[in-house]
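A.B. asks: Sharing input.cif (mmCIF, C-alpha atoms and all ligand atoms) below.
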data_final
#
loop_
_atom_site.group_PDB
_atom_site.id
_atom_site.type_symbol
_atom_site.label_atom_id
_atom_site.label_comp_id
_atom_site.auth_asym_id
_atom_site.auth_seq_id
_atom_site.Cartn_x
_atom_site.Cartn_y
_atom_site.Cartn_z
ATOM 1 C CA MET A 24 102.950 120.596 101.065
ATOM 2 C CA ARG A 25 102.371 122.978 98.145
ATOM 3 C CA LEU A 26 105.248 123.393 95.702
ATOM 4 C CA ASP A 27 105.332 127.205 96.033
ATOM 5 C CA ARG A 28 105.489 127.009 99.849
ATOM 6 C CA TYR A 29 108.269 124.413 99.606
ATOM 7 C CA LEU A 30 110.316 126.607 97.215
ATOM 8 C CA GLU A 31 109.757 129.784 99.224
ATOM 9 C CA SER A 32 111.099 128.120 102.308
ATOM 10 C CA ARG A 33 113.850 126.066 100.635
ATOM 11 C CA LEU A 34 115.188 128.900 98.457
ATOM 12 C CA GLY A 35 114.324 131.698 100.871
ATOM 13 C CA CYS A 36 112.511 133.707 98.230
ATOM 14 C CA SER A 37 109.146 135.425 97.804
ATOM 15 C CA ALA A 38 105.967 133.981 96.318
ATOM 16 C CA ARG A 39 106.431 136.318 93.343
ATOM 17 C CA SER A 40 109.972 135.057 92.681
ATOM 18 C CA VAL A 41 108.727 131.474 92.840
ATOM 19 C CA ARG A 42 106.085 132.228 90.216
ATOM 20 C CA MET A 43 108.838 133.684 87.997
ATOM 21 C CA LEU A 44 111.041 130.618 88.427
ATOM 22 C CA LEU A 45 108.169 128.369 87.443
ATOM 23 C CA ALA A 46 107.264 130.547 84.446
ATOM 24 C CA GLU A 47 110.899 130.342 83.333
ATOM 25 C CA ARG A 48 110.664 126.520 83.685
ATOM 26 C CA ARG A 49 113.672 126.468 86.013
ATOM 27 C CA VAL A 50 112.124 124.043 88.521
ATOM 28 C CA ARG A 51 111.718 120.352 87.690
ATOM 29 C CA LEU A 52 109.461 117.987 89.572
ATOM 30 C CA ASN A 53 110.227 114.311 89.054
ATOM 31 C CA GLY A 54 112.139 115.228 85.903
ATOM 32 C CA THR A 55 109.477 117.465 84.310
ATOM 33 C CA PRO A 56 109.349 121.292 84.412
ATOM 34 C CA ALA A 57 106.811 122.309 87.076
ATOM 35 C CA THR A 58 104.290 125.006 86.175
ATOM 36 C CA ASP A 59 101.542 124.687 88.803
ATOM 37 C CA SER A 60 102.720 126.498 91.908
ATOM 38 C CA ARG A 61 99.904 124.988 93.987
ATOM 39 C CA GLN A 62 100.605 121.366 93.215
ATOM 40 C CA GLN A 63 101.318 119.148 96.191
ATOM 41 C CA VAL A 64 104.788 117.722 96.719
ATOM 42 C CA SER A 65 105.763 114.937 99.111
ATOM 43 C CA ARG A 66 109.115 114.276 100.740
ATOM 44 C CA PHE A 67 109.720 111.631 98.074
ATOM 45 C CA CYS A 68 109.322 113.918 95.028
ATOM 46 C CA ARG A 69 112.544 114.705 93.217
ATOM 47 C CA ILE A 70 112.796 118.499 93.031
ATOM 48 C CA GLU A 71 115.482 120.278 91.001
ATOM 49 C CA PHE A 72 116.213 123.965 90.531
ATOM 50 C CA ASP A 73 118.525 124.746 87.609
ATOM 51 C CA ASP A 74 121.464 122.373 88.198
ATOM 52 C CA ASP A 75 120.777 121.834 91.916
ATOM 53 C CA VAL A 76 118.918 118.836 93.302
ATOM 54 C CA LEU A 77 116.847 120.256 96.169
ATOM 55 C CA GLN A 78 115.536 116.902 97.311
ATOM 56 C CA ALA A 79 115.792 113.341 96.019
ATOM 57 C CA ARG A 80 114.806 110.970 98.756
ATOM 58 C CA GLU A 81 113.827 107.400 97.856
ATOM 59 C CA PRO A 82 111.003 105.752 99.786
ATOM 60 C CA VAL A 83 112.066 102.481 101.436
ATOM 61 C CA TYR A 84 109.676 99.603 102.189
ATOM 62 C CA LEU A 85 111.057 96.425 103.769
ATOM 63 C CA MET A 86 109.734 93.129 105.068
ATOM 64 C CA LEU A 87 111.801 91.502 107.787
ATOM 65 C CA HIS A 88 111.632 88.049 109.336
ATOM 66 C CA LYS A 89 111.876 89.027 112.978
ATOM 67 C CA PRO A 90 113.770 86.440 115.021
ATOM 68 C CA ARG A 91 113.111 85.550 118.665
ATOM 69 C CA GLY A 92 114.952 87.544 121.309
ATOM 70 C CA CYS A 93 114.896 90.817 119.441
ATOM 71 C CA VAL A 94 113.199 94.055 120.479
ATOM 72 C CA SER A 95 110.727 95.794 118.180
ATOM 73 C CA ALA A 96 112.423 99.149 118.507
ATOM 74 C CA THR A 97 114.853 101.219 116.545
ATOM 75 C CA ARG A 98 117.350 100.914 119.407
ATOM 76 C CA ASP A 99 117.575 99.177 122.763
ATOM 77 C CA GLY A 100 120.267 99.491 125.407
ATOM 78 C CA LYS A 101 120.127 95.814 126.451
ATOM 79 C CA HIS A 102 118.998 93.603 123.590
ATOM 80 C CA PRO A 103 119.446 93.502 119.834
ATOM 81 C CA SER A 104 116.793 95.592 118.125
ATOM 82 C CA VAL A 105 115.063 95.042 114.815
ATOM 83 C CA LEU A 106 117.003 97.943 113.327
ATOM 84 C CA ASP A 107 120.324 96.291 114.238
ATOM 85 C CA LEU A 108 119.463 93.686 111.586
ATOM 86 C CA ILE A 109 119.234 96.263 108.806
ATOM 87 C CA ASP A 110 122.312 97.110 106.788
ATOM 88 C CA LEU A 111 121.332 100.110 104.675
ATOM 89 C CA PRO A 112 122.787 103.637 104.541
ATOM 90 C CA SER A 113 119.310 105.113 105.129
ATOM 91 C CA LYS A 114 118.466 102.875 108.093
ATOM 92 C CA SER A 115 118.370 105.742 110.587
ATOM 93 C CA GLU A 116 115.356 107.144 108.693
ATOM 94 C CA LEU A 117 113.357 103.932 109.053
ATOM 95 C CA HIS A 118 110.555 103.283 111.495
ATOM 96 C CA LEU A 119 108.626 100.134 112.379
ATOM 97 C CA VAL A 120 105.097 99.558 111.161
ATOM 98 C CA GLY A 121 103.731 98.050 114.367
ATOM 99 C CA ARG A 122 105.450 95.886 116.926
ATOM 100 C CA LEU A 123 105.922 92.272 117.919
ATOM 101 C CA ASP A 124 106.829 91.007 121.366
ATOM 102 C CA PHE A 125 110.424 90.095 122.221
ATOM 103 C CA ASN A 126 109.930 86.379 121.526
ATOM 104 C CA THR A 127 107.353 86.681 118.748
ATOM 105 C CA THR A 128 108.739 85.863 115.307
ATOM 106 C CA GLY A 129 107.599 86.625 111.785
ATOM 107 C CA LEU A 130 106.594 89.432 109.508
ATOM 108 C CA MET A 131 107.592 92.986 110.361
ATOM 109 C CA LEU A 132 107.421 95.968 108.046
ATOM 110 C CA LEU A 133 109.808 98.924 108.073
ATOM 111 C CA THR A 134 109.675 102.121 106.072
ATOM 112 C CA ASN A 135 110.656 105.785 105.905
ATOM 113 C CA ASP A 136 107.219 106.689 104.482
ATOM 114 C CA SER A 137 105.046 107.768 107.389
ATOM 115 C CA SER A 138 101.937 108.314 105.293
ATOM 116 C CA TRP A 139 102.142 104.667 104.137
ATOM 117 C CA SER A 140 102.658 103.320 107.656
ATOM 118 C CA SER A 141 99.822 105.495 109.016
ATOM 119 C CA ALA A 142 97.437 104.041 106.443
ATOM 120 C CA ILE A 143 98.358 100.529 107.608
ATOM 121 C CA MET A 144 98.366 101.299 111.317
ATOM 122 C CA SER A 145 95.340 103.560 111.591
ATOM 123 C CA PRO A 146 92.755 101.946 113.887
ATOM 124 C CA GLY A 147 90.101 102.370 111.180
ATOM 125 C CA SER A 148 92.070 100.435 108.556
ATOM 126 C CA GLY A 149 90.930 97.047 109.876
ATOM 127 C CA MET A 150 94.120 95.630 108.378
ATOM 128 C CA PRO A 151 94.057 91.857 108.981
ATOM 129 C CA LYS A 152 97.100 90.295 110.630
ATOM 130 C CA THR A 153 97.400 86.536 110.763
ATOM 131 C CA TYR A 154 99.373 84.716 113.454
ATOM 132 C CA ARG A 155 100.328 81.078 113.914
ATOM 133 C CA VAL A 156 99.810 80.285 117.575
ATOM 134 C CA GLU A 157 101.107 77.308 119.517
ATOM 135 C CA THR A 158 99.669 76.842 122.979
ATOM 136 C CA ARG A 159 100.367 74.713 126.050
ATOM 137 C CA ASP A 160 96.875 73.201 126.231
ATOM 138 C CA GLY A 161 94.375 72.056 123.642
ATOM 139 C CA ILE A 162 92.383 74.591 121.594
ATOM 140 C CA THR A 163 88.679 73.779 121.307
ATOM 141 C CA GLN A 164 85.958 75.100 118.995
ATOM 142 C CA GLU A 165 84.705 77.197 121.911
ATOM 143 C CA TYR A 166 87.750 79.416 121.396
ATOM 144 C CA ALA A 167 86.658 80.163 117.828
ATOM 145 C CA GLU A 168 83.166 81.166 118.982
ATOM 146 C CA ARG A 169 84.437 83.345 121.797
ATOM 147 C CA PHE A 170 87.061 85.028 119.594
ATOM 148 C CA ARG A 171 84.383 85.761 116.986
ATOM 149 C CA GLU A 172 82.176 87.377 119.653
ATOM 150 C CA GLY A 173 85.129 89.288 121.138
ATOM 151 C CA ILE A 174 86.999 88.884 124.403
ATOM 152 C CA TYR A 175 86.462 91.463 127.127
ATOM 153 C CA PHE A 176 89.718 93.203 128.117
ATOM 154 C CA ARG A 177 89.084 94.460 131.620
ATOM 155 C CA TYR A 178 92.115 96.765 131.727
ATOM 156 C CA GLU A 179 90.990 98.799 128.701
ATOM 157 C CA GLY A 180 87.283 98.195 129.425
ATOM 158 C CA LEU A 181 86.591 97.036 125.857
ATOM 159 C CA ARG A 182 85.710 93.992 123.808
ATOM 160 C CA THR A 183 88.100 92.854 121.087
ATOM 161 C CA GLN A 184 86.846 93.013 117.521
ATOM 162 C CA PRO A 185 85.675 89.791 115.885
ATOM 163 C CA ALA A 186 88.680 87.577 115.159
ATOM 164 C CA ALA A 187 88.848 84.410 113.065
ATOM 165 C CA LEU A 188 90.403 81.235 114.465
ATOM 166 C CA GLU A 189 91.310 78.168 112.422
ATOM 167 C CA VAL A 190 92.404 75.192 114.487
ATOM 168 C CA LEU A 191 95.145 73.267 112.655
ATOM 169 C CA ALA A 192 96.122 70.729 115.321
ATOM 170 C CA PRO A 193 95.169 70.161 118.978
ATOM 171 C CA ARG A 194 97.539 72.925 120.175
ATOM 172 C CA LEU A 195 98.127 74.864 116.956
ATOM 173 C CA ALA A 196 95.905 77.473 115.287
ATOM 174 C CA LEU A 197 95.839 80.427 112.930
ATOM 175 C CA LEU A 198 94.342 83.592 114.359
ATOM 176 C CA THR A 199 93.428 86.642 112.261
ATOM 177 C CA LEU A 200 92.981 89.965 114.048
ATOM 178 C CA HIS A 201 91.830 93.300 112.627
ATOM 179 C CA GLU A 202 93.361 95.416 115.377
ATOM 180 C CA GLY A 203 96.527 95.389 117.442
ATOM 181 C CA ARG A 204 96.176 95.712 121.183
ATOM 182 C CA TYR A 205 98.953 95.207 123.705
ATOM 183 C CA HIS A 206 99.846 91.465 123.913
ATOM 184 C CA GLN A 207 96.495 90.845 122.242
ATOM 185 C CA VAL A 208 96.984 87.247 121.119
ATOM 186 C CA LYS A 209 98.480 86.138 124.425
ATOM 187 C CA ARG A 210 95.696 87.827 126.362
ATOM 188 C CA MET A 211 92.979 86.273 124.203
ATOM 189 C CA PHE A 212 94.330 82.775 124.817
ATOM 190 C CA GLY A 213 95.093 83.804 128.386
ATOM 191 C CA SER A 214 91.352 84.380 128.906
ATOM 192 C CA PHE A 215 91.071 80.562 128.661
ATOM 193 C CA GLY A 216 94.024 80.096 131.013
ATOM 194 C CA ASN A 217 95.979 78.698 128.058
ATOM 195 C CA PRO A 218 99.476 80.177 127.695
ATOM 196 C CA VAL A 219 100.910 80.855 124.239
ATOM 197 C CA LEU A 220 104.211 78.982 123.802
ATOM 198 C CA ALA A 221 105.123 80.277 120.342
ATOM 199 C CA LEU A 222 103.739 83.103 118.236
ATOM 200 C CA HIS A 223 104.613 83.840 114.625
ATOM 201 C CA ARG A 224 103.087 86.523 112.346
ATOM 202 C CA LEU A 225 102.472 85.126 108.885
ATOM 203 C CA SER A 226 100.875 88.054 107.080
ATOM 204 C CA ILE A 227 99.680 91.644 107.137
ATOM 205 C CA GLY A 228 96.841 92.291 104.719
ATOM 206 C CA ALA A 229 97.592 90.463 101.479
ATOM 207 C CA VAL A 230 101.352 90.457 102.145
ATOM 208 C CA ALA A 231 102.738 87.181 103.488
ATOM 209 C CA LEU A 232 106.166 86.698 105.002
ATOM 210 C CA ASP A 233 108.482 85.491 102.268
ATOM 211 C CA GLU A 234 109.339 81.912 103.236
ATOM 212 C CA SER A 235 112.792 82.226 101.699
ATOM 213 C CA LEU A 236 113.757 84.760 104.388
ATOM 214 C CA ALA A 237 115.531 83.133 107.328
ATOM 215 C CA PRO A 238 115.013 84.728 110.767
ATOM 216 C CA GLY A 239 116.873 88.059 110.752
ATOM 217 C CA GLN A 240 116.793 88.450 106.959
ATOM 218 C CA TYR A 241 114.864 91.112 105.067
ATOM 219 C CA ARG A 242 114.058 92.210 101.544
ATOM 220 C CA ALA A 243 112.488 95.189 99.778
ATOM 221 C CA LEU A 244 108.746 94.939 99.262
ATOM 222 C CA LEU A 245 107.605 94.582 95.674
ATOM 223 C CA PRO A 246 105.708 97.584 94.241
ATOM 224 C CA ALA A 247 102.487 95.520 94.225
ATOM 225 C CA GLU A 248 102.967 94.691 97.924
ATOM 226 C CA VAL A 249 103.494 98.367 98.769
ATOM 227 C CA SER A 250 100.378 99.453 96.918
ATOM 228 C CA CYS A 251 98.069 96.690 98.130
ATOM 229 C CA LEU A 252 98.807 97.651 101.738
ATOM 230 C CA ARG A 253 98.387 101.348 100.977
ATOM 231 C CA ASP A 254 95.092 100.764 99.196
ATOM 232 C CA HIS A 255 93.628 98.387 101.744
ATOM 233 C CA ARG A 256 90.247 99.555 102.975
ATOM 234 C CA ASN A 257 88.108 98.448 105.842
ATOM 235 C CA ALA A 258 85.578 97.405 103.203
ATOM 236 C CA ASP A 259 87.967 94.629 102.138
ATOM 237 C CA ARG A 260 86.994 92.708 105.280
ATOM 238 C CA GLU A 261 84.909 89.581 104.990
ATOM 239 C CA PRO A 262 81.262 90.193 105.865
ATOM 240 C CA GLY A 263 80.781 89.432 109.535
ATOM 241 C CA SER A 264 84.518 89.423 110.302
HETATM 242 N N1 LIG B 1 99.907 89.592 120.134
HETATM 243 C C1 LIG B 1 100.777 89.271 121.127
HETATM 244 O O1 LIG B 1 100.365 88.856 122.207
HETATM 245 N N2 LIG B 1 102.092 89.433 120.880
HETATM 246 C C2 LIG B 1 102.586 89.853 119.691
HETATM 247 O O2 LIG B 1 103.810 89.964 119.517
HETATM 248 C C3 LIG B 1 101.676 90.185 118.673
HETATM 249 C C4 LIG B 1 100.343 90.048 118.924
#
Please rewrite the model in this file as structure tokens.

C.D. replies:
Amino acid sequence: MRLDRYLESRLGCSARSVRMLLAERRVRLNGTPATDSRQQVSRFCRIEFDDDVLQAREPVYLMLHKPRGCVSATRDGKHPSVLDLIDLPSKSELHLVGRLDFNTTGLMLLTNDSSWSSAIMSPGSGMPKTYRVETRDGITQEYAERFREGIYFRYEGLRTQPAALEVLAPRLALLTLHEGRYHQVKRMFGSFGNPVLALHRLSIGAVALDESLAPGQYRALLPAEVSCLRDHRNADREPGS
């Protein structure tokens, strides 16, 4: 939003009055007198008018180790929700960046910055997400070929995007997806009639779950983690992936 529009609405004054206030250097943006009435302001800019703070909201970016038996929702009538694990005054402003199934564990992101979460979640971002998958039956190399070609999802009438599979042990593998469809991992293994017994998300883009976080614990993302997810581009994908 433009600064002049913000001030007009927040202070209930005319465009002309706003220009006067700026000329008199009575408005400060992030600590510096603002002079350009057309400059863009976000909900996280600190805006002051004389001695009044008009807005001073801090962006919050968290990584959480989601435990089993917890719903990826801000609230749930029956089960504990991911937000129940957060103990912050601003927690009601947070939203989840994507979801994990009830019994899936691992990396979840939460924020109050919707432009950041949209950049991560947008279908065009191609943001890689890596899962550790444990299955009931053995995983063969054929899985890797079929996942690379894409699995046809009859319900949606589409083929999944190329996904990379690394088999670690007869029934254990790492799977990297560049999209997030409903129960995608379980359905991909389900196409071989092989049920997933345990599913754990290890990373989103270049951000890996901090191994020092026990299930249910969380920490603030580091500035470098925030920016590498924001700046991720589809072009960062491996050729052919
Ligand atoms: N795919 C699934 O099937 N479940 C998850 O929780 C995440 C990805």

A.B. asks: Kindly resolve the PyMOL selection byres (((chain A and resi 81) around 9) and not hetatm) on the present coordinates and return the residues as a ChimeraX atom specification.

C.D. replies: /A:66-69,79-80,82-83,135

A.B. asks: Quick one: residues within 10 Å of (98.6, 80.6, 126.0) (file frame), counting only C-alpha atoms, please, as a list in words.

C.D. replies: Val156, Glu157, Thr158, Arg159, Asp160, Gly161, Ile162, Arg194, Val208, Lys209, Arg210, Met211, Phe212, Gly213, Ser214, Phe215, Gly216, Asn217, Pro218, Val219, Leu220, Ala221 and Leu222 of chain A

A.B. asks: How would you write, as a VMD selection string, the set of residues no farther than 12 Å from ligand LIG 1 (chain B) when counting only C-alpha atoms and all ligand atoms?

C.D. replies: chain A and resid 89 to 95 121 to 131 151 to 157 198 to 213 218 to 227

A.B. asks: What does the structure give for the distance between atom CA of Arg39 of chain A and atom CA of Gln62 of chain A, in Å to one decimal?

C.D. replies: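 Separation of atom CA of Arg39 of chain A and atom CA of Gln62 of chain A: 16.0 Å.
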
A.B. asks: Determine the nearest neighbour of Ala243 of chain A from the options A:Leu87, A:Thr183, A:Ser138, A:Val105, counting all atoms listed in the file.

C.D. replies: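 For Ala243 of chain A, the nearest of the candidates is A:Leu87.
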
A.B. asks: Show me the residues close to (91.0, 74.8, 115.4) - anything with an atom within 7 Å, counting all atoms listed in the file - and format the list as a PyMOL selection string.

C.D. replies: chain A and resi 162-164+188-192+196

A.B. asks: Between A:Cys251, A:Leu117, A:Leu133, A:Leu108, which one has atoms that come closest to Gly239 of chain A, using all atoms listed in the file?

C.D. replies: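 Using all atoms listed in the file, Gly239 of chain A sits closest to A:Leu108.
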
A.B. asks: Using Å and a single decimal, report how far atom CA of His255 of chain A sits from atom CA of Gln184 of chain A.

C.D. replies: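 The value is 18.0 Å.
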
A.B. asks: Nearest residue to Arg25 of chain A out of A:Ala186, A:Val41, A:Leu244, A:Val64, using all atoms listed in the file?

C.D. replies: A:Val64

A.B. asks: Mind pulling up the distance from atom CA of Leu26 of chain A to atom CA of Ser60 of chain A?

C.D. replies: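 We find that atom CA of Ser60 of chain A and atom CA of Leu26 of chain A lie 5.5 Å from each other.
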
A.B. asks: Given the file above and the PyMOL selection byres (((chain A and resi 137) around 10) and not hetatm), which residues are selected, and can you give them as a PyMOL selection string?

C.D. replies: chain A and resi 82+117-120+134-136+138-143

A.B. asks: Find the spatial neighbours of Ile70 of chain A, counting all atoms listed in the file, within a cut-off of 6 Å - ignore same-chain residues fewer than 3 positions away - and output them as an MDAnalysis selection string.

C.D. replies: chainID A and resid 51:52 77:78

A.B. asks: Go through A:Leu132, A:Leu195, A:Leu181, A:Met86 one by one, measure the shortest atom-to-atom distance of each to Glu234 of chain A using all atoms listed in the file, and give the residue with the smallest value.

C.D. replies: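 Closest to Glu234 of chain A of all the choices is A:Met86.
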
A.B. asks: Would you mind listing what lies within 10 Å of Arg242 of chain A as number ranges by chain, with all atoms listed in the file counted and same-chain residues fewer than 6 positions away left out?

C.D. replies: A: 84-88, 109, 233, 236

A.B. asks: Using the atoms already present, construct all heavy atoms for segment 112-123 of chain A and hand them back as a PDB file, in the frame of the given file.

C.D. replies:
ATOM      1  N   PRO A 112     122.322 102.299 104.154  1.00  0.00           N
ATOM      2  CA  PRO A 112     122.787 103.637 104.541  1.00  0.00           C
ATOM      3  C   PRO A 112     121.663 104.486 105.137  1.00  0.00           C
ATOM      4  O   PRO A 112     121.897 105.311 106.012  1.00  0.00           O
ATOM      5  CB  PRO A 112     123.279 104.254 103.218  1.00  0.00           C
ATOM      6  CG  PRO A 112     123.257 103.171 102.210  1.00  0.00           C
ATOM      7  CD  PRO A 112     122.523 101.990 102.738  1.00  0.00           C
ATOM      8  N   SER A 113     120.417 104.254 104.681  1.00  0.00           N
ATOM      9  CA  SER A 113     119.310 105.113 105.129  1.00  0.00           C
ATOM     10  C   SER A 113     118.605 104.536 106.356  1.00  0.00           C
ATOM     11  O   SER A 113     117.502 104.961 106.688  1.00  0.00           O
ATOM     12  CB  SER A 113     118.289 105.257 103.999  1.00  0.00           C
ATOM     13  OG  SER A 113     117.798 103.974 103.647  1.00  0.00           O
ATOM     14  N   LYS A 114     119.229 103.568 107.052  1.00  0.00           N
ATOM     15  CA  LYS A 114     118.466 102.875 108.093  1.00  0.00           C
ATOM     16  C   LYS A 114     118.038 103.791 109.245  1.00  0.00           C
ATOM     17  O   LYS A 114     117.016 103.540 109.872  1.00  0.00           O
ATOM     18  CB  LYS A 114     119.198 101.644 108.596  1.00  0.00           C
ATOM     19  CG  LYS A 114     120.249 101.850 109.629  1.00  0.00           C
ATOM     20  CD  LYS A 114     120.755 100.483 110.024  1.00  0.00           C
ATOM     21  CE  LYS A 114     121.480 100.532 111.336  1.00  0.00           C
ATOM     22  NZ  LYS A 114     121.841  99.192 111.799  1.00  0.00           N
ATOM     23  N   SER A 115     118.764 104.870 109.476  1.00  0.00           N
ATOM     24  CA  SER A 115     118.370 105.742 110.587  1.00  0.00           C
ATOM     25  C   SER A 115     117.048 106.465 110.299  1.00  0.00           C
ATOM     26  O   SER A 115     116.420 106.999 111.198  1.00  0.00           O
ATOM     27  CB  SER A 115     119.461 106.766 110.877  1.00  0.00           C
ATOM     28  OG  SER A 115     119.615 107.594 109.744  1.00  0.00           O
ATOM     29  N   GLU A 116     116.629 106.482 109.036  1.00  0.00           N
ATOM     30  CA  GLU A 116     115.356 107.144 108.693  1.00  0.00           C
ATOM     31  C   GLU A 116     114.164 106.199 108.816  1.00  0.00           C
ATOM     32  O   GLU A 116     113.023 106.610 108.651  1.00  0.00           O
ATOM     33  CB  GLU A 116     115.395 107.635 107.236  1.00  0.00           C
ATOM     34  CG  GLU A 116     116.364 108.754 106.998  1.00  0.00           C
ATOM     35  CD  GLU A 116     116.341 109.213 105.546  1.00  0.00           C
ATOM     36  OE1 GLU A 116     115.481 108.758 104.766  1.00  0.00           O
ATOM     37  OE2 GLU A 116     117.192 110.038 105.206  1.00  0.00           O
ATOM     38  N   LEU A 117     114.452 104.912 109.069  1.00  0.00           N
ATOM     39  CA  LEU A 117     113.357 103.932 109.053  1.00  0.00           C
ATOM     40  C   LEU A 117     112.603 103.898 110.378  1.00  0.00           C
ATOM     41  O   LEU A 117     113.173 104.147 111.435  1.00  0.00           O
ATOM     42  CB  LEU A 117     113.912 102.530 108.777  1.00  0.00           C
ATOM     43  CG  LEU A 117     114.623 102.326 107.442  1.00  0.00           C
ATOM     44  CD1 LEU A 117     115.133 100.894 107.333  1.00  0.00           C
ATOM     45  CD2 LEU A 117     113.700 102.653 106.280  1.00  0.00           C
ATOM     46  N   HIS A 118     111.328 103.564 110.286  1.00  0.00           N
ATOM     47  CA  HIS A 118     110.555 103.283 111.495  1.00  0.00           C
ATOM     48  C   HIS A 118     109.779 101.981 111.309  1.00  0.00           C
ATOM     49  O   HIS A 118     109.617 101.497 110.187  1.00  0.00           O
ATOM     50  CB  HIS A 118     109.626 104.442 111.865  1.00  0.00           C
ATOM     51  CG  HIS A 118     108.606 104.780 110.824  1.00  0.00           C
ATOM     52  ND1 HIS A 118     108.829 105.667 109.794  1.00  0.00           N
ATOM     53  CD2 HIS A 118     107.359 104.325 110.624  1.00  0.00           C
ATOM     54  CE1 HIS A 118     107.760 105.744 109.025  1.00  0.00           C
ATOM     55  NE2 HIS A 118     106.845 104.939 109.498  1.00  0.00           N
ATOM     56  N   LEU A 119     109.316 101.430 112.410  1.00  0.00           N
ATOM     57  CA  LEU A 119     108.626 100.134 112.379  1.00  0.00           C
ATOM     58  C   LEU A 119     107.141 100.360 112.167  1.00  0.00           C
ATOM     59  O   LEU A 119     106.561 101.273 112.748  1.00  0.00           O
ATOM     60  CB  LEU A 119     108.797  99.399 113.706  1.00  0.00           C
ATOM     61  CG  LEU A 119     110.202  99.313 114.286  1.00  0.00           C
ATOM     62  CD1 LEU A 119     110.181  98.546 115.582  1.00  0.00           C
ATOM     63  CD2 LEU A 119     111.114  98.654 113.282  1.00  0.00           C
ATOM     64  N   VAL A 120     106.547  99.485 111.368  1.00  0.00           N
ATOM     65  CA  VAL A 120     105.097  99.558 111.161  1.00  0.00           C
ATOM     66  C   VAL A 120     104.487  98.538 112.124  1.00  0.00           C
ATOM     67  O   VAL A 120     104.285  97.381 111.783  1.00  0.00           O
ATOM     68  CB  VAL A 120     104.742  99.232 109.691  1.00  0.00           C
ATOM     69  CG1 VAL A 120     103.267  99.448 109.444  1.00  0.00           C
ATOM     70  CG2 VAL A 120     105.591 100.075 108.750  1.00  0.00           C
ATOM     71  N   GLY A 121     104.260  98.962 113.350  1.00  0.00           N
ATOM     72  CA  GLY A 121     103.731  98.050 114.367  1.00  0.00           C
ATOM     73  C   GLY A 121     104.851  97.308 115.081  1.00  0.00           C
ATOM     74  O   GLY A 121     106.023  97.430 114.712  1.00  0.00           O
ATOM     75  N   ARG A 122     104.461  96.564 116.079  1.00  0.00           N
ATOM     76  CA  ARG A 122     105.450  95.886 116.926  1.00  0.00           C
ATOM     77  C   ARG A 122     105.099  94.422 117.139  1.00  0.00           C
ATOM     78  O   ARG A 122     103.945  94.046 117.023  1.00  0.00           O
ATOM     79  CB  ARG A 122     105.477  96.557 118.314  1.00  0.00           C
ATOM     80  CG  ARG A 122     106.091  97.909 118.250  1.00  0.00           C
ATOM     81  CD  ARG A 122     105.966  98.679 119.552  1.00  0.00           C
ATOM     82  NE  ARG A 122     106.363 100.054 119.283  1.00  0.00           N
ATOM     83  CZ  ARG A 122     107.619 100.457 119.175  1.00  0.00           C
ATOM     84  NH1 ARG A 122     108.614  99.619 119.362  1.00  0.00           N
ATOM     85  NH2 ARG A 122     107.903 101.709 118.898  1.00  0.00           N
ATOM     86  N   LEU A 123     106.130  93.653 117.470  1.00  0.00           N
ATOM     87  CA  LEU A 123     105.922  92.272 117.919  1.00  0.00           C
ATOM     88  C   LEU A 123     106.664  92.127 119.242  1.00  0.00           C
ATOM     89  O   LEU A 123     107.682  92.795 119.472  1.00  0.00           O
ATOM     90  CB  LEU A 123     106.490  91.282 116.890  1.00  0.00           C
ATOM     91  CG  LEU A 123     105.768  91.181 115.548  1.00  0.00           C
ATOM     92  CD1 LEU A 123     106.525  90.268 114.587  1.00  0.00           C
ATOM     93  CD2 LEU A 123     104.330  90.702 115.713  1.00  0.00           C
TER      94      LEU A 123
END
